[in-house]
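Structure data (compact mmCIF, C-alpha atoms) from final_5.txt:
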```txt
# COMPACT_ATOMS: atom_id res chain seq x y z
CA MET A 18 -27.08 8.78 -14.01
CA ALA A 19 -25.30 11.70 -15.57
CA LYS A 20 -22.26 10.73 -17.57
CA VAL A 21 -18.98 12.43 -16.83
CA HIS A 22 -16.75 13.83 -19.57
CA VAL A 23 -13.11 12.87 -19.07
CA THR A 24 -10.07 14.23 -20.90
CA THR A 25 -6.93 12.19 -20.56
CA THR A 26 -3.89 10.91 -22.44
CA ILE A 27 -3.69 7.27 -23.45
CA ASN A 28 -0.52 5.83 -24.95
CA GLY A 29 0.62 9.34 -25.77
CA GLU A 30 -2.59 10.36 -27.57
CA PRO A 31 -5.05 12.89 -26.14
CA MET A 32 -8.38 11.13 -25.54
CA GLU A 33 -11.84 12.06 -24.40
CA PHE A 34 -14.58 9.76 -23.25
CA LEU A 35 -17.83 9.63 -21.34
CA CYS A 36 -18.32 7.38 -18.35
CA GLU A 37 -20.44 6.78 -15.30
CA PRO A 38 -18.91 8.14 -12.08
CA ASN A 39 -18.53 4.63 -10.70
CA ASP A 40 -17.02 3.08 -13.85
CA THR A 41 -13.53 1.76 -13.34
CA MET A 42 -10.71 2.66 -15.68
CA LEU A 43 -10.91 -0.92 -16.92
CA ASP A 44 -14.61 -0.42 -17.77
CA ALA A 45 -13.72 2.70 -19.75
CA LEU A 46 -10.79 1.07 -21.54
CA ARG A 47 -12.74 -1.98 -22.57
CA GLY A 48 -15.97 -0.03 -23.23
CA PRO A 49 -16.00 3.45 -24.81
CA LEU A 50 -12.26 3.46 -25.53
CA ALA A 51 -12.36 0.00 -27.18
CA LEU A 52 -8.93 -0.91 -25.86
CA THR A 53 -9.60 -4.49 -24.94
CA GLY A 54 -5.99 -5.58 -24.41
CA SER A 55 -6.36 -5.01 -20.66
CA LYS A 56 -8.26 -7.98 -19.28
CA GLU A 57 -10.68 -8.36 -16.42
CA GLY A 58 -9.73 -11.30 -14.24
CA CYS A 59 -10.81 -10.79 -10.65
CA ALA A 60 -11.98 -7.15 -10.69
CA SER A 61 -10.65 -6.81 -7.15
CA GLY A 62 -6.95 -6.09 -7.57
CA ASP A 63 -5.71 -9.61 -6.96
CA CYS A 64 -4.82 -10.93 -10.42
CA GLY A 65 -3.09 -8.10 -12.30
CA ALA A 66 -4.65 -8.94 -15.68
CA CYS A 67 -5.83 -5.32 -16.00
CA SER A 68 -2.41 -3.76 -15.24
CA ILE A 69 -1.76 -0.37 -16.82
CA THR A 70 0.41 2.57 -15.88
CA LEU A 71 -0.93 5.84 -14.51
CA ASP A 72 1.73 8.57 -14.78
CA ASP A 73 4.28 5.77 -15.17
CA ARG A 74 3.16 3.94 -12.02
CA LEU A 75 1.94 0.38 -12.40
CA VAL A 76 -1.67 0.09 -11.18
CA CYS A 77 -4.67 -2.19 -11.55
CA SER A 78 -7.15 -0.45 -13.84
CA CYS A 79 -9.96 -2.27 -12.01
CA LEU A 80 -9.01 -0.44 -8.78
CA MET A 81 -9.14 3.01 -10.29
CA LEU A 82 -12.16 5.08 -11.26
CA ALA A 83 -12.21 6.15 -14.89
CA VAL A 84 -12.86 9.74 -13.77
CA GLU A 85 -9.56 9.71 -11.92
CA SER A 86 -7.71 9.61 -15.24
CA GLU A 87 -8.70 13.23 -15.91
CA GLY A 88 -5.53 15.14 -16.76
CA HIS A 89 -3.28 12.14 -16.22
CA GLU A 90 -1.29 9.90 -18.52
CA ILE A 91 -2.37 6.30 -19.03
CA ARG A 92 -0.38 3.61 -20.79
CA THR A 93 -1.87 0.27 -21.78
CA ILE A 94 -0.66 -2.84 -23.54
CA GLU A 95 -1.83 -1.33 -26.84
CA GLY A 96 1.00 1.22 -26.55
CA MET A 97 3.74 -1.32 -26.04
CA ALA A 98 4.64 -2.35 -29.59
CA GLN A 99 5.91 0.35 -31.96
CA GLY A 100 3.74 -0.24 -34.99
CA ASP A 101 4.59 -3.73 -36.23
CA LYS A 102 7.72 -3.90 -34.11
CA LEU A 103 7.11 -5.81 -30.91
CA HIS A 104 8.62 -4.66 -27.63
CA PRO A 105 11.55 -6.92 -26.64
CA LEU A 106 9.42 -8.35 -23.81
CA GLN A 107 6.63 -9.24 -26.24
CA GLN A 108 9.11 -10.83 -28.63
CA LYS A 109 10.74 -12.84 -25.86
CA PHE A 110 7.41 -14.02 -24.44
CA LEU A 111 6.62 -15.42 -27.90
CA GLU A 112 10.02 -17.00 -28.43
CA MET A 113 10.10 -18.63 -25.03
CA ALA A 114 6.41 -19.59 -24.98
CA ALA A 115 5.89 -17.62 -21.79
CA LEU A 116 2.14 -17.80 -22.24
CA GLN A 117 -0.54 -20.34 -22.91
CA CYS A 118 -4.11 -19.09 -22.78
CA GLY A 119 -2.93 -15.47 -22.83
CA ILE A 120 -5.38 -13.81 -20.47
CA CYS A 121 -2.67 -12.80 -18.00
CA THR A 122 -0.18 -11.84 -20.71
CA SER A 123 -0.95 -8.17 -21.22
CA GLY A 124 -0.80 -7.62 -17.47
CA MET A 125 2.41 -9.63 -17.19
CA LEU A 126 3.97 -7.55 -19.96
CA MET A 127 2.88 -4.23 -18.45
CA ALA A 128 4.18 -5.27 -15.03
CA SER A 129 7.45 -6.64 -16.41
CA ASP A 130 8.01 -3.49 -18.44
CA ALA A 131 7.45 -1.36 -15.32
CA LEU A 132 10.00 -3.49 -13.47
CA LEU A 133 12.68 -3.29 -16.17
CA LYS A 134 12.27 0.50 -16.39
CA ARG A 135 13.06 0.73 -12.67
CA SER A 136 15.50 -2.10 -12.44
CA PRO A 137 17.25 -3.10 -15.69
CA ASP A 138 19.22 -5.90 -14.00
CA PRO A 139 16.81 -7.62 -11.64
CA THR A 140 17.54 -10.81 -9.73
CA GLU A 141 15.18 -13.73 -10.25
CA GLU A 142 13.84 -13.14 -6.74
CA GLU A 143 13.11 -9.52 -7.59
CA VAL A 144 11.23 -10.57 -10.73
CA ARG A 145 9.20 -13.12 -8.80
CA PHE A 146 8.30 -10.65 -6.05
CA TRP A 147 7.51 -7.92 -8.56
CA LEU A 148 5.15 -10.24 -10.47
CA ALA A 149 3.44 -11.57 -7.32
CA GLY A 150 0.40 -9.48 -8.19
CA ASN A 151 0.03 -11.09 -11.62
CA LEU A 152 -1.62 -14.47 -11.53
CA CYS A 153 -1.16 -17.07 -14.26
CA ARG A 154 -2.95 -20.40 -14.10
CA CYS A 155 -1.22 -21.95 -17.12
CA THR A 156 2.52 -21.52 -17.18
CA GLY A 157 3.58 -22.17 -13.63
CA TYR A 158 5.42 -18.82 -13.93
CA ASP A 159 8.81 -20.30 -14.74
CA LYS A 160 8.77 -19.46 -18.42
CA ILE A 161 7.51 -15.97 -17.67
CA VAL A 162 10.27 -15.32 -15.15
CA ARG A 163 12.91 -16.67 -17.53
CA ALA A 164 11.56 -14.56 -20.40
CA VAL A 165 11.75 -11.42 -18.25
CA MET A 166 15.31 -12.24 -17.13
CA ASP A 167 16.40 -12.96 -20.73
CA THR A 168 14.79 -9.77 -22.03
CA ALA A 169 16.52 -7.77 -19.32
CA ALA A 170 19.89 -9.25 -20.31
CA GLU A 171 19.20 -8.56 -23.99
CA MET A 172 18.10 -4.98 -23.37
CA ARG A 173 21.18 -4.33 -21.24
CA ALA A 174 23.42 -5.60 -24.04
CA GLN A 175 21.92 -3.19 -26.56
CA MET R 5 -29.38 2.65 -7.53
CA THR R 6 -28.62 6.02 -5.98
CA GLU R 7 -26.66 8.44 -8.05
CA LEU R 8 -22.96 8.64 -7.30
CA ARG R 9 -21.20 11.96 -7.43
CA TYR R 10 -17.42 12.15 -7.82
CA LEU R 11 -15.70 15.23 -6.41
CA ALA R 12 -12.01 16.03 -6.64
CA PRO R 13 -11.49 19.27 -4.72
CA GLY R 14 -8.16 21.07 -4.90
CA THR R 15 -8.16 22.28 -1.30
CA LEU R 16 -8.65 20.62 2.04
CA ASP R 17 -11.28 23.15 3.09
CA GLU R 18 -13.40 22.27 0.06
CA ALA R 19 -12.92 18.57 0.71
CA VAL R 20 -13.94 18.89 4.36
CA GLY R 21 -16.97 20.97 3.37
CA ALA R 22 -18.12 18.50 0.72
CA PHE R 23 -17.42 15.48 2.91
CA ALA R 24 -19.26 16.87 5.94
CA LYS R 25 -22.20 18.05 3.82
CA ALA R 26 -22.71 14.62 2.27
CA GLY R 27 -22.77 12.96 5.68
CA SER R 28 -22.76 9.20 5.98
CA ALA R 29 -23.29 8.74 2.23
CA ALA R 30 -19.80 10.05 1.51
CA ARG R 31 -16.54 8.17 1.26
CA ILE R 32 -13.00 9.46 0.96
CA LEU R 33 -11.03 8.18 -2.02
CA ALA R 34 -7.26 8.00 -1.62
CA GLY R 35 -5.75 5.01 -3.46
CA GLY R 36 -9.12 3.31 -3.74
CA THR R 37 -7.71 -0.18 -3.27
CA ASP R 38 -10.14 -0.91 -0.45
CA LEU R 39 -12.97 1.43 -1.45
CA LEU R 40 -13.39 0.17 -5.01
CA VAL R 41 -13.37 -3.44 -3.88
CA GLN R 42 -16.04 -2.66 -1.29
CA MET R 43 -18.14 -0.84 -3.90
CA ARG R 44 -17.74 -3.64 -6.39
CA SER R 45 -18.76 -6.31 -3.89
CA GLY R 46 -21.82 -4.28 -2.94
CA VAL R 47 -20.71 -3.78 0.68
CA LEU R 48 -20.68 -0.02 0.10
CA LYS R 49 -22.85 2.18 -2.08
CA PRO R 50 -21.56 5.69 -1.51
CA GLY R 51 -23.57 8.67 -2.78
CA VAL R 52 -20.53 10.93 -2.91
CA ILE R 53 -16.86 10.14 -3.41
CA VAL R 54 -14.39 12.80 -2.37
CA ASP R 55 -11.06 12.18 -4.11
CA ILE R 56 -8.34 13.82 -1.98
CA LYS R 57 -5.44 13.30 -4.37
CA LYS R 58 -5.71 16.75 -5.95
CA ILE R 59 -4.92 18.31 -2.56
CA PRO R 60 -1.14 18.86 -2.46
CA GLU R 61 -0.87 18.36 1.31
CA MET R 62 -2.35 14.87 0.94
CA THR R 63 0.15 13.63 -1.62
CA THR R 64 3.47 15.10 -0.47
CA ILE R 65 6.30 13.80 1.70
CA GLU R 66 8.22 16.47 3.59
CA GLN R 67 11.28 16.20 5.77
CA ALA R 68 11.61 19.06 8.24
CA ALA R 69 14.91 20.65 9.23
CA ASP R 70 14.86 18.65 12.49
CA GLY R 71 14.66 15.40 10.50
CA GLY R 72 11.00 14.64 11.23
CA PHE R 73 8.79 13.54 8.35
CA ARG R 74 5.28 14.54 7.35
CA ILE R 75 3.58 12.08 5.00
CA GLY R 76 0.36 13.04 3.29
CA ALA R 77 -2.47 10.61 3.94
CA ALA R 78 -2.82 9.71 0.26
CA VAL R 79 0.88 9.16 -0.50
CA SER R 80 1.16 5.77 -2.21
CA GLY R 81 3.45 3.03 -1.00
CA MET R 82 5.49 3.26 -4.18
CA ALA R 83 5.91 7.03 -3.78
CA LEU R 84 7.13 6.49 -0.23
CA HIS R 85 9.48 3.77 -1.49
CA ASP R 86 10.89 6.10 -4.13
CA HIS R 87 11.58 8.91 -1.62
CA LYS R 88 15.32 9.47 -1.29
CA THR R 89 15.72 9.48 2.47
CA PHE R 90 12.54 8.14 4.08
CA GLY R 91 13.49 4.47 3.90
CA LYS R 92 16.88 5.16 5.42
CA VAL R 93 15.37 6.85 8.46
CA TRP R 94 12.26 4.64 8.84
CA PRO R 95 13.04 1.30 7.17
CA GLY R 96 10.45 -0.49 9.34
CA VAL R 97 7.62 1.87 8.42
CA LEU R 98 8.59 1.61 4.77
CA GLU R 99 8.75 -2.19 4.73
CA ALA R 100 5.36 -2.32 6.45
CA VAL R 101 3.73 0.07 3.98
CA ASN R 102 5.33 -1.83 1.09
CA LEU R 103 3.79 -5.12 2.28
CA ILE R 104 0.30 -3.87 1.48
CA GLY R 105 -0.77 -5.79 -1.62
CA SER R 106 1.01 -6.20 -4.94
CA LYS R 107 3.21 -3.72 -6.79
CA GLN R 108 0.07 -2.62 -8.62
CA VAL R 109 -1.68 -1.99 -5.31
CA GLN R 110 1.45 -0.21 -4.05
CA GLY R 111 1.10 2.24 -6.91
CA ARG R 112 -2.12 3.47 -5.32
CA ALA R 113 -2.59 2.27 -1.73
CA SER R 114 -1.67 4.68 1.06
CA ALA R 115 -0.84 4.44 4.75
CA GLY R 116 -3.75 6.83 5.34
CA GLY R 117 -6.18 4.48 3.66
CA ASN R 118 -4.71 1.50 5.48
CA LEU R 119 -5.31 3.24 8.81
CA CYS R 120 -8.81 4.50 7.99
CA ASN R 121 -9.88 1.13 6.60
CA GLY R 122 -9.69 0.05 10.23
CA SER R 123 -8.49 -3.49 9.65
CA PRO R 124 -6.81 -4.97 12.75
CA ALA R 125 -4.40 -6.61 10.28
CA GLY R 126 -3.38 -3.51 8.31
CA ASP R 127 0.37 -3.86 7.87
CA SER R 128 1.39 -0.23 8.07
CA VAL R 129 -0.41 0.43 11.34
CA PRO R 130 1.78 -1.47 13.87
CA ALA R 131 4.87 0.10 12.30
CA MET R 132 3.33 3.58 12.52
CA VAL R 133 2.39 2.89 16.15
CA ALA R 134 5.95 1.78 16.90
CA ALA R 135 7.22 4.91 15.16
CA GLY R 136 5.14 7.10 17.45
CA ALA R 137 3.40 8.72 14.50
CA ILE R 138 0.94 11.52 15.19
CA VAL R 139 -1.86 12.03 12.69
CA THR R 140 -3.49 15.30 11.76
CA VAL R 141 -7.18 15.20 10.98
CA GLN R 142 -9.33 18.04 9.74
CA GLY R 143 -13.07 18.34 10.07
CA PRO R 144 -15.84 20.89 10.22
CA ASN R 145 -14.53 22.04 13.62
CA GLY R 146 -10.96 22.50 12.47
CA ARG R 147 -7.80 20.52 12.91
CA ARG R 148 -6.70 18.21 15.67
CA GLU R 149 -3.96 15.72 16.29
CA LEU R 150 -4.22 12.14 17.50
CA LYS R 151 -1.72 9.44 18.30
CA VAL R 152 -1.92 6.89 15.53
CA GLU R 153 -2.82 4.13 18.02
CA ASP R 154 -5.89 6.15 19.04
CA VAL R 155 -7.34 6.15 15.51
CA PRO R 156 -8.66 2.56 15.17
CA ALA R 157 -11.83 1.89 17.16
CA GLY R 158 -12.51 -1.69 16.08
CA PRO R 159 -12.66 -3.73 12.90
CA GLY R 160 -13.65 -1.32 10.12
CA ARG R 161 -14.17 1.59 12.54
CA THR R 162 -12.11 4.64 13.53
CA ASN R 163 -12.33 7.37 16.15
CA LEU R 164 -12.52 10.05 13.49
CA LYS R 165 -15.63 12.18 14.01
CA PRO R 166 -18.24 12.62 11.29
CA GLY R 167 -16.84 14.85 8.56
CA GLU R 168 -13.24 14.47 9.66
CA ILE R 169 -10.58 13.58 7.09
CA LEU R 170 -7.15 12.15 7.84
CA VAL R 171 -4.61 14.61 6.47
CA SER R 172 -1.12 13.41 7.33
CA PHE R 173 1.22 11.40 9.52
CA ALA R 174 3.99 13.15 11.42
CA LEU R 175 6.99 11.01 12.35
CA PRO R 176 9.36 12.43 14.94
CA PRO R 177 13.02 13.28 14.42
CA ARG R 178 15.32 10.32 15.08
CA PRO R 179 18.12 10.46 17.65
CA ALA R 180 21.41 8.77 16.65
CA GLY R 181 21.30 5.01 17.11
CA SER R 182 17.62 4.67 16.19
CA SER R 183 15.92 2.36 13.76
CA ASP R 184 12.83 0.25 13.31
CA ALA R 185 11.54 -2.94 11.71
CA TYR R 186 8.27 -4.66 10.87
CA LEU R 187 7.61 -8.36 10.45
CA ARG R 188 4.40 -10.15 9.74
CA MET R 189 3.54 -13.81 9.76
CA ILE R 190 1.68 -15.04 6.70
CA PRO R 191 1.38 -18.60 5.41
CA ARG R 192 2.82 -17.65 2.01
CA THR R 193 5.53 -15.26 0.84
CA GLU R 194 3.52 -12.45 -0.70
CA MET R 195 0.03 -11.04 -1.16
CA ASP R 196 -1.61 -12.17 2.06
CA ILE R 197 -3.16 -10.78 5.22
CA ALA R 198 -1.11 -10.77 8.42
CA VAL R 199 -1.79 -13.50 10.98
CA VAL R 200 0.36 -11.45 13.34
CA GLY R 201 2.28 -8.24 12.61
CA VAL R 202 4.87 -6.63 14.88
CA GLY R 203 6.53 -3.23 14.55
CA VAL R 204 9.46 -2.32 16.79
CA SER R 205 11.26 1.01 17.02
CA LEU R 206 14.44 1.26 19.09
CA THR R 207 17.07 3.77 20.13
CA ILE R 208 20.31 2.18 21.29
CA LYS R 209 23.18 3.98 23.00
CA ASP R 210 26.41 2.14 23.82
CA GLY R 211 24.60 -1.19 23.47
CA THR R 212 21.74 -0.27 25.81
CA VAL R 213 18.20 0.41 24.64
CA THR R 214 17.26 3.95 25.67
CA ALA R 215 13.89 4.14 23.92
CA ALA R 216 11.52 1.53 22.49
CA ARG R 217 8.01 1.28 21.12
CA VAL R 218 6.17 -1.86 20.06
CA GLY R 219 3.08 -2.05 17.83
CA LEU R 220 1.19 -5.30 17.49
CA GLY R 221 -1.31 -6.12 14.74
CA ALA R 222 -3.90 -8.77 13.80
CA VAL R 223 -4.25 -10.12 17.34
CA ALA R 224 -7.00 -7.86 18.75
CA PRO R 225 -9.93 -5.77 17.48
CA THR R 226 -7.47 -2.93 16.91
CA VAL R 227 -3.74 -2.62 16.45
CA LEU R 228 -2.14 -2.32 19.88
CA LEU R 229 0.63 -0.27 21.44
CA VAL R 230 2.31 -2.74 23.81
CA GLU R 231 3.86 -0.56 26.49
CA ASP R 232 4.89 -3.49 28.70
CA ALA R 233 6.96 -4.93 25.86
CA ALA R 234 8.67 -1.56 25.36
CA LYS R 235 9.35 -1.31 29.12
CA ALA R 236 10.98 -4.74 29.08
CA LEU R 237 13.33 -3.62 26.30
CA ILE R 238 14.24 -0.16 27.65
CA GLY R 239 17.37 -0.26 29.80
CA SER R 240 18.31 -3.70 28.53
CA LYS R 241 21.05 -4.78 26.17
CA LEU R 242 18.46 -6.92 24.35
CA ASP R 243 19.66 -9.94 26.27
CA ASP R 244 17.63 -13.14 26.24
CA ALA R 245 15.87 -12.34 29.52
CA ALA R 246 14.70 -8.92 28.31
CA LEU R 247 13.56 -10.31 24.97
CA ALA R 248 11.69 -13.14 26.70
CA LYS R 249 9.95 -10.63 28.96
CA ALA R 250 9.01 -8.41 26.00
CA ALA R 251 7.79 -11.45 24.05
CA ALA R 252 5.67 -12.52 26.99
CA ALA R 253 4.20 -9.00 27.18
CA CYS R 254 3.22 -9.23 23.51
CA SER R 255 1.61 -12.62 23.98
CA ALA R 256 -0.21 -11.32 27.07
CA ALA R 257 -1.59 -8.37 25.09
CA CYS R 258 -3.17 -10.65 22.48
CA ARG R 259 -6.94 -10.95 22.31
CA PRO R 260 -7.13 -12.61 18.90
CA ILE R 261 -9.85 -14.33 16.97
CA ASP R 262 -9.74 -17.93 15.82
CA ASP R 263 -10.05 -18.10 12.04
CA LYS R 264 -8.74 -19.88 8.98
CA ARG R 265 -5.51 -17.89 9.12
CA GLY R 266 -4.59 -18.84 12.66
CA THR R 267 -5.93 -20.08 15.96
CA ILE R 268 -5.91 -18.06 19.15
CA ALA R 269 -3.10 -20.19 20.58
CA TYR R 270 -1.02 -19.87 17.41
CA ARG R 271 -1.41 -16.11 17.09
CA THR R 272 -0.61 -15.63 20.78
CA LYS R 273 2.58 -17.64 20.52
CA VAL R 274 3.68 -16.11 17.22
CA ALA R 275 3.26 -12.59 18.63
CA GLY R 276 6.08 -13.33 21.08
CA VAL R 277 8.29 -15.01 18.51
CA LEU R 278 7.89 -12.15 16.06
CA LEU R 279 8.69 -9.57 18.76
CA LYS R 280 12.10 -11.18 19.27
CA ARG R 281 12.85 -11.37 15.56
CA THR R 282 11.64 -7.85 14.82
CA ALA R 283 13.58 -6.36 17.74
CA ALA R 284 16.73 -8.11 16.47
CA ILE R 285 16.33 -6.56 13.01
CA ALA R 286 15.63 -3.10 14.43
CA ALA R 287 18.64 -3.39 16.75
CA LYS R 288 20.92 -4.45 13.91
CA ARG R 289 19.81 -1.49 11.83
CA ALA R 290 20.09 0.92 14.76
CA THR R 291 23.65 -0.10 15.60
CA GLN R 292 24.79 -0.26 11.97
CA LYS R 293 24.06 3.41 11.63
CA ASN R 294 26.33 4.38 14.53
```

Show the structure stored in the file as structure tokens.
Amino acid sequence: MAKVHVTTTINGEPMEFLCEPNDTMLDALRGPLALTGSKEGCASGDCGACSITLDDRLVCSCLMLAVESEGHEIRTIEGMAQGDKLHPLQQKFLEMAALQCGICTSGMLMASDALLKRSPDPTEEEVRFWLAGNLCRCTGYDKIVRAVMDTAAEMRAQ
Amino acid sequence: MTELRYLAPGTLDEAVGAFAKAGSAARILAGGTDLLVQMRSGVLKPGVIVDIKKIPEMTTIEQAADGGFRIGAAVSGMALHDHKTFGKVWPGVLEAVNLIGSKQVQGRASAGGNLCNGSPAGDSVPAMVAAGAIVTVQGPNGRRELKVEDVPAGPGRTNLKPGEILVSFALPPRPAGSSDAYLRMIPRTEMDIAVVGVGVSLTIKDGTVTAARVGLGAVAPTVLLVEDAAKALIGSKLDDAALAKAAAACSAACRPIDDKRGTIAYRTKVAGVLLKRTAAIAAKRATQKN
């Protein structure tokens, strides 16, 4: 199968890669692009572990073809911290132990970040509905929801 | 494995040409939230994928001077949600579209894909039927229009002809005192497939219903337009007798399957219950606007 050459932007950096036409964006991220922060959970759009943004819209990278990123702007968990400085959501997840095994965490963070960009003062219900597409089998969600609410309050105060 | 070719034409004419030429091996890619899952599971092995999202007409929302909307077939649920006026005019259509999957899925999934996927339980379809949406399709023999309720042919099948591509939905201008609503029954609060879905669109003048349409989903091989339910509502003040008659019409229209989500008896009963609840929401919205 002939590989396709794709030119895109990932976390603000111009990137080029080769992929099969039927590779998903998640395949490309975890393969040729070596950005393994996005996880494969279900590979069918149910679990949210592979969440990224495409032109600032939250999407599942497993439900998108890698070739579709041509000319678009992708953001992944690798772009969340600024150097050594963690994003407030990352810091709060650590402080409040909003993770256990960690496989859902990058997706949770990407989804939560997308929420707070749209809605800096969400209700708990809004957070829970927004994160309905991110499955976590460890935490029972409570710590995650509280970490997102606390981060939102902190970011609003700044 | 057969070789897959990915095409992303910039015009509809190119897309129609490529799609028709590739025949049954081709699939249209809008949001991909059904297509990629079907490819991954091995249900589908397309030879050609025609991505329609580079065609401006497919991804734009337009409101005409008369107030009617035209929604491109590949407009995502989140894009529709973020439109300034659409949700005010068609809150029922919007809430139905926004029930499709998670926020991640909303970032990609479209009403066009939901319709063409042909699921009897697609959430946006009953609301579009209630709205009286007309779809434009384009194929090798040009353009034509269909009522949205005439698109589904059965589970996973549509009445689109070979080579035809769904282009857009047209929603009519709204008279004063109009609104709509969509409710679905699912056993949990999010991320599930409708056991029953009901869309209701109403126009109310001085407390009396002057126009009504009812779309019913997940209770037959296709989404249904329930004209008898609409007739029971039109001319009424949404009194208990009229609502009971409309609910009975919905239950009577049901030809559901028995499955793990709901039995025939349950779906049939819930169709009537949901009609009453959905009509109440639509009526409240319609009269609030006056």

Checklist entry - Hey, can you check how far CA of Gly266 in chain R sits from CA of Ala245 in chain R? => result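 Distance between the two atoms: 27.3 Å.
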
Item to check | Using all atoms listed in the file: which of A:Gly157, A:Pro38, A:Gly29, A:Gly48 has the shortest distance to chain R | outcome: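 Selected residue with least distance to chain R: A:Pro38.
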
Checklist entry - CA of Arg74 in chain A to CA of Gln108 in chain R: how many Å, to one decimal? => result 8.0 Å

Please give the centre and size of the box around range 77-93 of chain A (axis-aligned, containing every atom listed in the file, 3 Å added per side), with values in Å to one decimal and written as lines of an AutoDock Vina configuration file.
```
center_x = -6.6
center_y = 6.4
center_z = -15.3
size_x = 18.5
size_y = 23.4
size_z = 19.0
```

Item to check | Atom pair CA of Val141 in chain R / CA of Asn39 in chain A: separation (Å) | outcome: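 Value for the CA of Val141 in chain R-CA of Asn39 in chain A distance: 26.7 Å.
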
Item to check | Nearby residues (all atoms listed in the file) at most 10 Å from range 136-144 of chain A, same-chain spacing under 3 positions excluded, as a PyMOL selection string | outcome: chain A and resi 128-133+147-149+161-163+165-166+168-170+172-173

Checklist entry - With distances taken over all atoms listed in the file, which of A:Ile27, A:Ala83, A:Ala66, A:Ile120 is nearest to Met42 in chain A? => result A:Ala83

Checklist entry - Residues of chain A within 9 Å of chain R, using only C-alpha atoms, as a count of residues only? => result 32

So which residues touch range 49-58 of chain A within 7 Å, counting all atoms listed in the file, skipping near sequence neighbours fewer than 3 positions away, as a PDB file with C-alpha atoms, in the coordinates of the input?
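For reference, out_26.pdb as written:
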```
ATOM      1  CA  PHE A  34     -14.580   9.760 -23.250  1.00  0.00           C
ATOM      2  CA  ALA A  45     -13.720   2.700 -19.750  1.00  0.00           C
ATOM      3  CA  LEU A  46     -10.790   1.070 -21.540  1.00  0.00           C
ATOM      4  CA  CYS A  64      -4.820 -10.930 -10.420  1.00  0.00           C
ATOM      5  CA  ALA A  66      -4.650  -8.940 -15.680  1.00  0.00           C
ATOM      6  CA  CYS A  67      -5.830  -5.320 -16.000  1.00  0.00           C
ATOM      7  CA  SER A  68      -2.410  -3.760 -15.240  1.00  0.00           C
ATOM      8  CA  ILE A  94      -0.660  -2.840 -23.540  1.00  0.00           C
ATOM      9  CA  GLU A  95      -1.830  -1.330 -26.840  1.00  0.00           C
ATOM     10  CA  ILE A 120      -5.380 -13.810 -20.470  1.00  0.00           C
ATOM     11  CA  SER A 123      -0.950  -8.170 -21.220  1.00  0.00           C
ATOM     12  CA  GLY A 124      -0.800  -7.620 -17.470  1.00  0.00           C
TER      13      GLY A 124
END
```

Checklist entry - Quick one: of A:Leu106, A:Cys59, A:Met127, A:Leu116, who's nearest to Arg92 in chain A, counting all atoms listed in the file? => result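 Among the listed residues, the smallest separation from Arg92 in chain A belongs to A:Met127.
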
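Considering the residues R:Gln292, R:Asn163, R:Ser255, R:Thr63 and counting all atoms listed in the file, Leu278 in chain R has its shortest atom-to-atom contact with R:Ser255.
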
Checklist entry - A:Lys109, A:His89, A:His22, A:Arg47: which is nearest Lys58 in chain R, counting all atoms listed in the file? => result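 Smallest distance to Lys58 in chain R is found for A:His89.
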
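Minimum atom-to-atom distances from R:Ile138, R:Ile285, R:Ala198, R:Ala29 to Ser183 in chain R were compared using only C-alpha atoms, and the lowest value belongs to R:Ile285.
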
Close residues, Thr272 in chain R itself excluded, 10 Å, only C-alpha atoms, min 3 positions apart in chain, as a tab-separated table (two decimals) with C-alpha atoms, keeping the file's coordinate frame:
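Once everything was written out, this is part_13.tsv:
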```tsv
chain	number	residue	atom	x	y	z
R	200	VAL	CA	0.36	-11.45	13.34
R	223	VAL	CA	-4.25	-10.12	17.34
R	251	ALA	CA	7.79	-11.45	24.05
R	252	ALA	CA	5.67	-12.52	26.99
R	254	CYS	CA	3.22	-9.23	23.51
R	255	SER	CA	1.61	-12.62	23.98
R	256	ALA	CA	-0.21	-11.32	27.07
R	257	ALA	CA	-1.59	-8.37	25.09
R	258	CYS	CA	-3.17	-10.65	22.48
R	259	ARG	CA	-6.94	-10.95	22.31
R	260	PRO	CA	-7.13	-12.61	18.90
R	266	GLY	CA	-4.59	-18.84	12.66
R	267	THR	CA	-5.93	-20.08	15.96
R	268	ILE	CA	-5.91	-18.06	19.15
R	269	ALA	CA	-3.10	-20.19	20.58
R	275	ALA	CA	3.26	-12.59	18.63
R	276	GLY	CA	6.08	-13.33	21.08
R	277	VAL	CA	8.29	-15.01	18.51
```

Item to check | Contacts of Val213 in chain R at 6 Å (only C-alpha atoms; same-chain gap of 3+ positions) as a list in words | outcome: Thr207, Ile208, Ile238, Gly239 and Ser240 of chain R

Next on the checklist: At a cut-off of 9 Å, using all atoms listed in the file, what residues contact Lys249 in chain R? Leave out same-chain residues fewer than 4 positions from it and give the result as a PyMOL selection string.
Outcome noted: chain R and resi 232-233+236-237+244-245+253-254
